[in-house]
>>> print(open('run_18.cif').read())   # mmCIF, C-alpha atoms
data_upload
#
loop_
_atom_site.label_atom_id
_atom_site.label_comp_id
_atom_site.auth_asym_id
_atom_site.auth_seq_id
_atom_site.Cartn_x
_atom_site.Cartn_y
_atom_site.Cartn_z
CA ALA A 1 182.08 -54.01 107.47
CA GLN A 2 180.52 -50.62 106.95
CA THR A 3 176.92 -50.30 108.08
CA VAL A 4 174.36 -48.39 106.05
CA THR A 5 171.17 -47.39 107.85
CA GLN A 6 167.94 -46.21 106.30
CA SER A 7 165.69 -45.35 109.21
CA GLN A 8 162.50 -44.81 107.20
CA PRO A 9 160.97 -48.10 106.05
CA GLU A 10 158.19 -46.22 104.25
CA MET A 11 157.60 -42.70 103.03
CA SER A 12 154.73 -41.04 101.22
CA VAL A 13 154.62 -37.93 99.06
CA GLN A 14 152.05 -36.21 96.92
CA GLU A 15 152.64 -35.69 93.26
CA ALA A 16 154.62 -32.51 92.52
CA GLU A 17 155.81 -32.25 96.12
CA THR A 18 159.31 -32.77 97.51
CA VAL A 19 160.43 -35.67 99.68
CA THR A 20 163.71 -36.46 101.41
CA LEU A 21 164.91 -39.97 102.13
CA SER A 22 167.47 -40.43 104.89
CA CYS A 23 170.62 -42.51 104.95
CA THR A 24 173.43 -42.71 107.47
CA TYR A 25 176.52 -44.88 107.37
CA ASP A 26 179.27 -45.95 109.65
CA THR A 27 182.86 -45.96 108.44
CA SER A 28 186.37 -45.14 109.57
CA GLU A 29 187.53 -44.49 106.02
CA SER A 30 187.98 -41.06 104.53
CA ASP A 31 187.68 -42.04 100.88
CA TYR A 32 184.58 -43.78 99.64
CA TYR A 33 181.58 -43.54 97.33
CA LEU A 34 177.89 -43.32 98.06
CA PHE A 35 174.99 -44.27 95.83
CA TRP A 36 171.22 -44.19 95.69
CA TYR A 37 169.49 -46.95 93.74
CA LYS A 38 165.84 -47.16 92.78
CA GLN A 39 164.02 -50.49 92.54
CA PRO A 40 160.54 -50.27 91.00
CA PRO A 41 158.10 -53.21 91.07
CA SER A 42 159.84 -54.59 87.99
CA ARG A 43 162.73 -55.27 90.46
CA GLN A 44 165.33 -53.73 88.17
CA MET A 45 168.01 -51.89 90.17
CA ILE A 46 168.50 -48.44 88.68
CA LEU A 47 171.27 -46.04 89.67
CA VAL A 48 169.79 -42.70 90.67
CA ILE A 49 172.79 -40.72 91.82
CA ARG A 50 176.38 -41.10 92.98
CA GLN A 51 178.59 -39.06 95.30
CA GLU A 52 182.35 -39.19 95.82
CA ALA A 53 183.32 -38.51 99.43
CA TYR A 54 186.20 -36.27 98.43
CA LYS A 55 183.84 -33.88 96.65
CA GLN A 56 182.22 -31.23 98.80
CA GLN A 57 179.66 -30.33 96.18
CA ASN A 58 176.42 -32.25 96.43
CA ALA A 59 175.57 -34.36 93.40
CA THR A 60 172.49 -33.51 91.34
CA GLU A 61 170.69 -35.40 88.60
CA ASN A 62 167.68 -33.53 87.28
CA ARG A 63 164.98 -33.76 90.01
CA PHE A 64 167.23 -35.80 92.28
CA SER A 65 169.80 -34.28 94.57
CA VAL A 66 171.69 -35.31 97.67
CA ASN A 67 172.66 -33.64 100.90
CA PHE A 68 176.04 -35.13 101.75
CA GLN A 69 177.25 -34.36 105.25
CA LYS A 70 180.59 -36.13 105.61
CA ALA A 71 181.23 -35.28 109.24
CA ALA A 72 177.78 -36.46 110.21
CA LYS A 73 178.06 -39.49 107.90
CA SER A 74 174.75 -38.62 106.37
CA PHE A 75 173.65 -38.95 102.75
CA SER A 76 170.03 -38.00 102.14
CA LEU A 77 168.22 -38.05 98.80
CA LYS A 78 165.84 -35.27 97.83
CA ILE A 79 163.29 -35.85 95.10
CA SER A 80 161.71 -32.68 93.79
CA ASP A 81 158.48 -32.41 91.82
CA SER A 82 157.65 -36.03 92.63
CA GLN A 83 156.05 -38.09 89.89
CA LEU A 84 154.00 -41.26 90.01
CA GLY A 85 156.89 -43.06 88.34
CA ASP A 86 159.11 -42.28 91.32
CA ALA A 87 157.21 -44.82 93.42
CA ALA A 88 159.70 -47.55 94.25
CA MET A 89 162.09 -48.92 96.85
CA TYR A 90 165.12 -46.71 97.29
CA PHE A 91 168.40 -48.12 98.51
CA CYS A 92 171.39 -46.24 99.82
CA ALA A 93 174.76 -47.93 99.22
CA TYR A 94 178.36 -47.46 100.30
CA ARG A 95 181.53 -48.50 98.52
CA SER A 96 185.01 -48.25 99.92
CA ALA A 97 187.61 -46.60 97.72
CA ASN A 98 190.43 -48.75 99.01
CA SER A 99 189.22 -52.12 100.26
CA GLY A 100 187.11 -53.96 97.73
CA TYR A 101 184.61 -52.98 95.13
CA ALA A 102 181.38 -54.35 96.54
CA LEU A 103 178.41 -52.14 97.32
CA ASN A 104 177.09 -52.36 100.86
CA PHE A 105 173.35 -51.62 100.91
CA GLY A 106 170.89 -50.28 103.44
CA LYS A 107 167.57 -52.04 103.98
CA GLY A 108 165.69 -49.62 101.76
CA THR A 109 162.85 -47.11 101.94
CA SER A 110 159.58 -47.73 100.17
CA LEU A 111 158.32 -44.53 98.55
CA LEU A 112 154.64 -44.14 97.78
CA VAL A 113 153.56 -41.31 95.48
CA THR A 114 149.92 -40.25 95.70
CA PRO A 115 148.03 -38.27 93.06
CA ASP B 1 174.67 -52.91 74.75
CA ALA B 2 172.19 -55.47 76.12
CA GLY B 3 173.21 -54.84 79.70
CA VAL B 4 173.81 -57.54 82.27
CA ILE B 5 171.86 -60.62 81.24
CA GLN B 6 170.61 -63.07 83.84
CA SER B 7 168.81 -66.31 83.27
CA PRO B 8 166.40 -67.68 84.09
CA ARG B 9 164.15 -64.84 85.19
CA HIS B 10 162.10 -67.18 87.36
CA GLU B 11 162.96 -70.59 88.72
CA VAL B 12 160.77 -72.90 90.74
CA THR B 13 162.38 -76.06 92.00
CA GLU B 14 161.83 -78.75 94.57
CA MET B 15 163.86 -78.97 97.71
CA GLY B 16 166.98 -81.01 97.21
CA GLN B 17 167.36 -80.19 93.54
CA GLU B 18 170.35 -78.46 92.02
CA VAL B 19 169.81 -74.92 90.79
CA THR B 20 172.10 -73.00 88.45
CA LEU B 21 171.75 -69.28 87.90
CA ARG B 22 173.56 -67.63 85.02
CA CYS B 23 174.96 -64.21 84.33
CA LYS B 24 176.48 -62.59 81.28
CA PRO B 25 178.27 -59.36 82.17
CA ILE B 26 178.59 -56.29 80.04
CA SER B 27 181.58 -56.59 77.76
CA GLY B 28 184.58 -54.85 79.30
CA HIS B 29 183.29 -54.95 82.85
CA ASN B 30 185.98 -56.69 84.89
CA SER B 31 184.21 -56.98 88.24
CA LEU B 32 181.18 -59.16 88.82
CA PHE B 33 179.02 -59.46 91.93
CA TRP B 34 176.33 -61.87 93.04
CA TYR B 35 173.76 -60.47 95.49
CA ARG B 36 170.78 -62.08 97.18
CA GLN B 37 167.70 -60.07 98.11
CA THR B 38 165.13 -61.11 100.71
CA MET B 39 162.59 -59.17 102.70
CA MET B 40 164.24 -60.09 105.97
CA ARG B 41 167.88 -59.47 105.10
CA GLY B 42 167.74 -57.02 102.23
CA LEU B 43 170.52 -57.07 99.65
CA GLU B 44 173.41 -59.28 100.68
CA LEU B 45 176.67 -59.69 98.81
CA LEU B 46 177.39 -63.36 98.22
CA ILE B 47 180.61 -63.24 96.21
CA TYR B 48 182.49 -61.04 93.85
CA PHE B 49 185.04 -61.61 91.11
CA ASN B 50 187.67 -59.31 89.69
CA ASN B 51 189.17 -60.28 86.35
CA ASN B 52 187.46 -63.68 86.68
CA VAL B 53 189.13 -64.39 90.03
CA PRO B 54 187.01 -64.75 93.19
CA ILE B 55 188.05 -61.98 95.56
CA ASP B 56 185.60 -62.24 98.43
CA ASP B 57 183.27 -65.17 99.00
CA SER B 58 182.67 -64.53 102.69
CA GLY B 59 178.99 -63.89 101.97
CA MET B 60 178.34 -67.32 100.55
CA PRO B 61 176.02 -68.78 103.17
CA GLU B 62 176.99 -72.43 103.06
CA ASP B 63 178.93 -75.03 101.15
CA ARG B 64 175.77 -75.69 99.21
CA PHE B 65 176.47 -72.47 97.35
CA SER B 66 179.22 -72.20 94.76
CA ALA B 67 180.06 -69.67 92.06
CA LYS B 68 182.31 -69.75 89.05
CA MET B 69 183.52 -67.34 86.44
CA PRO B 70 185.28 -69.43 83.80
CA ASN B 71 185.77 -66.46 81.49
CA ALA B 72 185.07 -62.77 81.24
CA SER B 73 181.68 -63.26 79.63
CA PHE B 74 179.99 -65.78 81.89
CA SER B 75 179.37 -66.58 85.54
CA THR B 76 177.23 -69.11 87.37
CA LEU B 77 175.86 -69.41 90.87
CA LYS B 78 174.94 -72.93 91.86
CA ILE B 79 172.96 -74.18 94.82
CA GLN B 80 173.14 -77.89 95.54
CA PRO B 81 171.03 -79.12 97.24
CA SER B 82 168.50 -76.32 97.34
CA GLU B 83 166.37 -75.59 100.41
CA PRO B 84 163.19 -73.52 100.89
CA ARG B 85 165.18 -70.85 102.77
CA ASP B 86 167.19 -70.22 99.62
CA SER B 87 164.09 -68.68 98.06
CA ALA B 88 165.03 -65.11 97.11
CA VAL B 89 165.85 -62.85 94.20
CA TYR B 90 169.43 -63.27 93.05
CA PHE B 91 171.09 -60.39 91.27
CA CYS B 92 174.22 -60.25 89.22
CA ALA B 93 175.92 -56.85 88.88
CA THR B 94 179.02 -55.83 86.98
CA THR B 95 181.28 -52.81 86.79
CA TRP B 96 184.51 -51.59 85.26
CA ALA B 97 184.92 -48.56 87.45
CA VAL B 98 183.43 -46.97 90.51
CA ASN B 99 180.68 -45.31 88.56
CA GLY B 100 179.64 -48.21 86.40
CA TYR B 101 177.63 -50.65 88.49
CA THR B 102 174.97 -52.25 86.34
CA PHE B 103 172.53 -54.81 87.64
CA GLY B 104 170.82 -57.59 85.79
CA SER B 105 167.07 -58.12 86.07
CA GLY B 106 167.52 -60.77 88.72
CA THR B 107 166.38 -64.36 89.07
CA ARG B 108 163.48 -65.05 91.38
CA LEU B 109 164.12 -68.45 92.92
CA THR B 110 161.39 -70.36 94.68
CA VAL B 111 162.26 -73.63 96.37
CA VAL B 112 159.24 -75.69 97.39
#
>>> encode(input="run_18.cif", output="C-alpha cells")
Amino acid sequence: AQTVTQSQPEMSVQEAETVTLSCTYDTSESDYYLFWYKQPPSRQMILVIRQEAYKQQNATENRFSVNFQKAAKSFSLKISDSQLGDAAMYFCAYRSANSGYALNFGKGTSLLVTP
Amino acid sequence: DAGVIQSPRHEVTEMGQEVTLRCKPISGHNSLFWYRQTMMRGLELLIYFNNNVPIDDSGMPEDRFSAKMPNASFSTLKIQPSEPRDSAVYFCATTWAVNGYTFGSGTRLTVV
C-alpha cells in the first residue's frame, strides 16, 4: 500500500502570514491523485484542494495552493494570508488511479493560527 | 443535497454490546467508504463498496466488525461484541468520481 508521510505533527502561523505544510508519499504508480483535507474541531472532513498527477500545473484554490513535485514525490500545501478559521488538522491523502478508489491518508498536521 | 448523513453522532455503549453505525450516501454516489479515526493510528480504511458490492474489506480489524450495503442509499457498520479499543470516530465517505469524495460528520463511539 502507498505510504503518505506528514513529517510535521504541529505547525504554527500568525494571522495574515503564509505557512507551508509538507507531505511526501511513496508509490510506484505514475497515475494517481493527491488531496489535502481540513478537519476543524467540529471533526468534519473538508476537501481543500486536489491535484492530478498527470497535470504539471500546481492546483490553486483561493488562498490555498500546492507545490507538486512528482519526481520527489512531494505534495506540500501553502496557505497564504492565514486566518483564524484555518486552524485545524490538515491531512494529505493519496488515491491510485488504477487500483481501487480508497483514499490513503497521512497522520495529519495540526495547524495553530495566532492573532 | 443534505450530504452524507451518519447516525448516531455520538454513541456510548458498554463492552460486549452490539453497536450499529449508519450511513446514507449522497444520491448518485456509487462508492462508499468506512474509515476509523484514532489518535494513535490516524484515519484507517475499514471497507469500501462500489455499486453496493464490497470491494476491499482488508481493513476490517476482526470478525467482530461487519458492514453491509443492502441498497444504494444505505450502509451499516456493525460491531459485535464491542470492546473499549473500538472507541474511535467512524466516518462514512462517498464518491461518484475521483473529485467527489464527501465525508459524513462521523460517529464518535465510546465503549466503556
>>> resolve_selection(input="run_18.cif", expression="the PyMOL selection byres ((chain B) within 8 of (chain A))", output="list in words")
Ser31, Phe33, Arg41, Gly42, Leu43, Glu44, Leu45, Tyr48, Val98, Asn99, Tyr101, Thr102, Phe103, Gly104, Ser105 and Gly106 of chain B
>>> atom_distance(input="run_18.cif", atom1="atom CA of A:Ser99", atom2="atom CA of B:Ala72")
22.2 Å
>>> axis_aligned_box(input="run_18.cif", around="stretch 32-39 of chain B", padding_each_side="5 Å", output="lines of an AutoDock Vina configuration file")
center_x = 171.9
center_y = -60.6
center_z = 95.8
size_x = 28.6
size_y = 12.9
size_z = 23.9
>>> residues_near_point(input="run_18.cif", point="(184.9, -59.1, 93.0)", cutoff="10 Å", atoms="all atoms listed in the file", output="list in words")
Gly100, Tyr101 and Ala102 of chain A; Asn30, Ser31, Leu32, Phe33, Trp34, Ile47, Tyr48, Phe49, Asn50, Asn51, Asn52, Val53, Pro54, Ile55, Asp56, Asp57, Thr94 and Thr95 of chain B
>>> residues_around(input="run_18.cif", residues="B:Val12", least_positions_apart="2", cutoff="7 Å", atoms="only C-alpha atoms", output="ChimeraX atom specification")
/B:10,109-111
>>> residues_near_point(input="run_18.cif", point="(167.9, -64.2, 87.4)", cutoff="10 Å", atoms="only C-alpha atoms", output="list in words")
Ile5, Gln6, Ser7, Pro8, Arg9, His10, Glu11, Thr20, Leu21, Arg22, Cys23, Val89, Tyr90, Phe91, Cys92, Gly104, Ser105, Gly106, Thr107, Arg108 and Leu109 of chain B
>>> resolve_selection(input="run_18.cif", expression="the PyMOL selection byres ((chain A and resi 113) around 10)", output="PDB file with C-alpha atoms, in the frame of the given file")
ATOM      1  CA  MET A  11     157.600 -42.700 103.030  1.00  0.00           C
ATOM      2  CA  SER A  12     154.730 -41.040 101.220  1.00  0.00           C
ATOM      3  CA  VAL A  13     154.620 -37.930  99.060  1.00  0.00           C
ATOM      4  CA  GLN A  14     152.050 -36.210  96.920  1.00  0.00           C
ATOM      5  CA  GLU A  15     152.640 -35.690  93.260  1.00  0.00           C
ATOM      6  CA  ALA A  16     154.620 -32.510  92.520  1.00  0.00           C
ATOM      7  CA  GLU A  17     155.810 -32.250  96.120  1.00  0.00           C
ATOM      8  CA  VAL A  19     160.430 -35.670  99.680  1.00  0.00           C
ATOM      9  CA  SER A  82     157.650 -36.030  92.630  1.00  0.00           C
ATOM     10  CA  GLN A  83     156.050 -38.090  89.890  1.00  0.00           C
ATOM     11  CA  LEU A  84     154.000 -41.260  90.010  1.00  0.00           C
ATOM     12  CA  GLY A  85     156.890 -43.060  88.340  1.00  0.00           C
ATOM     13  CA  ASP A  86     159.110 -42.280  91.320  1.00  0.00           C
ATOM     14  CA  ALA A  87     157.210 -44.820  93.420  1.00  0.00           C
ATOM     15  CA  ALA A  88     159.700 -47.550  94.250  1.00  0.00           C
ATOM     16  CA  SER A 110     159.580 -47.730 100.170  1.00  0.00           C
ATOM     17  CA  LEU A 111     158.320 -44.530  98.550  1.00  0.00           C
ATOM     18  CA  LEU A 112     154.640 -44.140  97.780  1.00  0.00           C
ATOM     19  CA  THR A 114     149.920 -40.250  95.700  1.00  0.00           C
ATOM     20  CA  PRO A 115     148.030 -38.270  93.060  1.00  0.00           C
TER      21      PRO A 115
END
>>> closest_residue(input="run_18.cif", among="B:Ile79, B:Ala2, B:Leu46, B:Ile26", to="B:Met60", atoms="only C-alpha atoms")
B:Leu46
>>> closest_residue(input="run_18.cif", among="B:Gln37, B:Val4, B:Ser82, B:Lys24", to="B:Asp63", atoms="only C-alpha atoms")
B:Ser82
>>> residues_around(input="run_18.cif", residues="A:Ser30", least_positions_apart="3", cutoff="9 Å", atoms="all atoms listed in the file", output="list in words")
Thr27, Ala53, Tyr54, Lys70 and Ala97 of chain A
>>> residues_around(input="run_18.cif", residues="A:Thr18", least_positions_apart="5", cutoff="6 Å", atoms="only C-alpha atoms", output="JSON, numbers by chain")
{"A": [79, 80, 81]}
>>> atom_distance(input="run_18.cif", atom1="atom CA of A:Thr3", atom2="atom CA of A:Tyr94")
8.4 Å
>>> residues_around(input="run_18.cif", residues="B:Pro84", least_positions_apart="2", cutoff="6 Å", atoms="only C-alpha atoms", output="tab-separated table (two decimals) with C-alpha atoms, in the coordinates of the input")
chain	number	residue	atom	x	y	z
B	86	ASP	CA	167.19	-70.22	99.62
B	87	SER	CA	164.09	-68.68	98.06
B	111	VAL	CA	162.26	-73.63	96.37
B	112	VAL	CA	159.24	-75.69	97.39
>>> atom_distance(input="run_18.cif", atom1="atom CA of A:Glu10", atom2="atom CA of A:Asn58")
24.3 Å
>>> decode(input="run_18.cif", residues="stretch 16-39 of chain B", atoms="N, CA, C and O atoms", output="compact mmCIF listing (two decimals), in the first residue's frame")
# COMPACT_ATOMS: atom_id res chain seq x y z
N GLY B 16 -19.14 -5.39 25.18
CA GLY B 16 -19.92 -6.59 24.94
C GLY B 16 -21.22 -6.34 24.20
O GLY B 16 -21.82 -7.29 23.66
N GLN B 17 -21.64 -5.08 24.15
CA GLN B 17 -22.88 -4.77 23.45
C GLN B 17 -22.65 -4.66 21.95
O GLN B 17 -21.55 -4.41 21.48
N GLU B 18 -23.74 -4.82 21.22
CA GLU B 18 -23.70 -4.65 19.77
C GLU B 18 -23.89 -3.17 19.44
O GLU B 18 -24.74 -2.50 20.05
N VAL B 19 -23.12 -2.70 18.48
CA VAL B 19 -23.21 -1.31 18.04
C VAL B 19 -23.44 -1.30 16.53
O VAL B 19 -22.76 -2.02 15.79
N THR B 20 -24.38 -0.48 16.09
CA THR B 20 -24.63 -0.34 14.66
C THR B 20 -24.53 1.13 14.27
O THR B 20 -25.25 1.97 14.81
N LEU B 21 -23.65 1.40 13.34
CA LEU B 21 -23.48 2.75 12.81
C LEU B 21 -24.11 2.79 11.42
O LEU B 21 -23.99 1.83 10.65
N ARG B 22 -24.71 3.92 11.11
CA ARG B 22 -25.47 4.03 9.86
C ARG B 22 -24.97 5.15 8.98
O ARG B 22 -24.47 6.17 9.46
N CYS B 23 -25.14 4.94 7.69
CA CYS B 23 -24.69 5.94 6.72
C CYS B 23 -25.65 5.99 5.54
O CYS B 23 -26.00 4.95 4.96
N LYS B 24 -26.03 7.21 5.20
CA LYS B 24 -26.83 7.43 3.99
C LYS B 24 -25.99 8.24 3.03
O LYS B 24 -25.66 9.39 3.31
N PRO B 25 -25.62 7.65 1.89
CA PRO B 25 -24.75 8.37 0.95
C PRO B 25 -25.50 9.43 0.17
O PRO B 25 -26.73 9.48 0.17
N ILE B 26 -24.75 10.25 -0.50
CA ILE B 26 -25.34 11.22 -1.41
C ILE B 26 -25.91 10.46 -2.61
O ILE B 26 -25.26 9.54 -3.13
N SER B 27 -27.09 10.84 -3.01
CA SER B 27 -27.72 10.18 -4.14
C SER B 27 -26.85 10.28 -5.38
O SER B 27 -26.35 11.36 -5.73
N GLY B 28 -26.63 9.13 -6.02
CA GLY B 28 -25.80 9.10 -7.22
C GLY B 28 -24.35 8.74 -6.97
O GLY B 28 -23.62 8.41 -7.91
N HIS B 29 -23.93 8.78 -5.73
CA HIS B 29 -22.57 8.37 -5.40
C HIS B 29 -22.52 6.84 -5.34
O HIS B 29 -23.24 6.23 -4.55
N ASN B 30 -21.68 6.22 -6.15
CA ASN B 30 -21.70 4.76 -6.24
C ASN B 30 -20.58 4.08 -5.46
O ASN B 30 -20.46 2.86 -5.48
N SER B 31 -19.74 4.85 -4.81
CA SER B 31 -18.70 4.25 -3.97
C SER B 31 -18.85 4.76 -2.54
O SER B 31 -19.07 5.95 -2.34
N LEU B 32 -18.74 3.84 -1.60
CA LEU B 32 -18.91 4.20 -0.20
C LEU B 32 -17.79 3.60 0.62
O LEU B 32 -17.42 2.44 0.42
N PHE B 33 -17.26 4.39 1.55
CA PHE B 33 -16.10 4.00 2.35
C PHE B 33 -16.41 4.17 3.83
O PHE B 33 -17.05 5.14 4.23
N TRP B 34 -15.93 3.24 4.62
CA TRP B 34 -15.96 3.38 6.08
C TRP B 34 -14.51 3.54 6.57
O TRP B 34 -13.66 2.71 6.27
N TYR B 35 -14.27 4.63 7.31
CA TYR B 35 -12.97 4.89 7.89
C TYR B 35 -13.11 4.95 9.41
O TYR B 35 -14.15 5.32 9.95
N ARG B 36 -12.02 4.63 10.09
CA ARG B 36 -11.94 4.79 11.54
C ARG B 36 -10.79 5.74 11.85
O ARG B 36 -9.70 5.61 11.27
N GLN B 37 -11.04 6.67 12.77
CA GLN B 37 -10.01 7.64 13.14
C GLN B 37 -9.70 7.54 14.61
O GLN B 37 -10.59 7.67 15.47
N THR B 38 -8.43 7.32 14.94
CA THR B 38 -7.95 7.34 16.32
C THR B 38 -6.69 8.18 16.37
O THR B 38 -6.04 8.43 15.35
N MET B 39 -6.34 8.62 17.58
CA MET B 39 -5.13 9.41 17.74
C MET B 39 -3.90 8.59 17.36
O MET B 39 -2.98 9.09 16.74
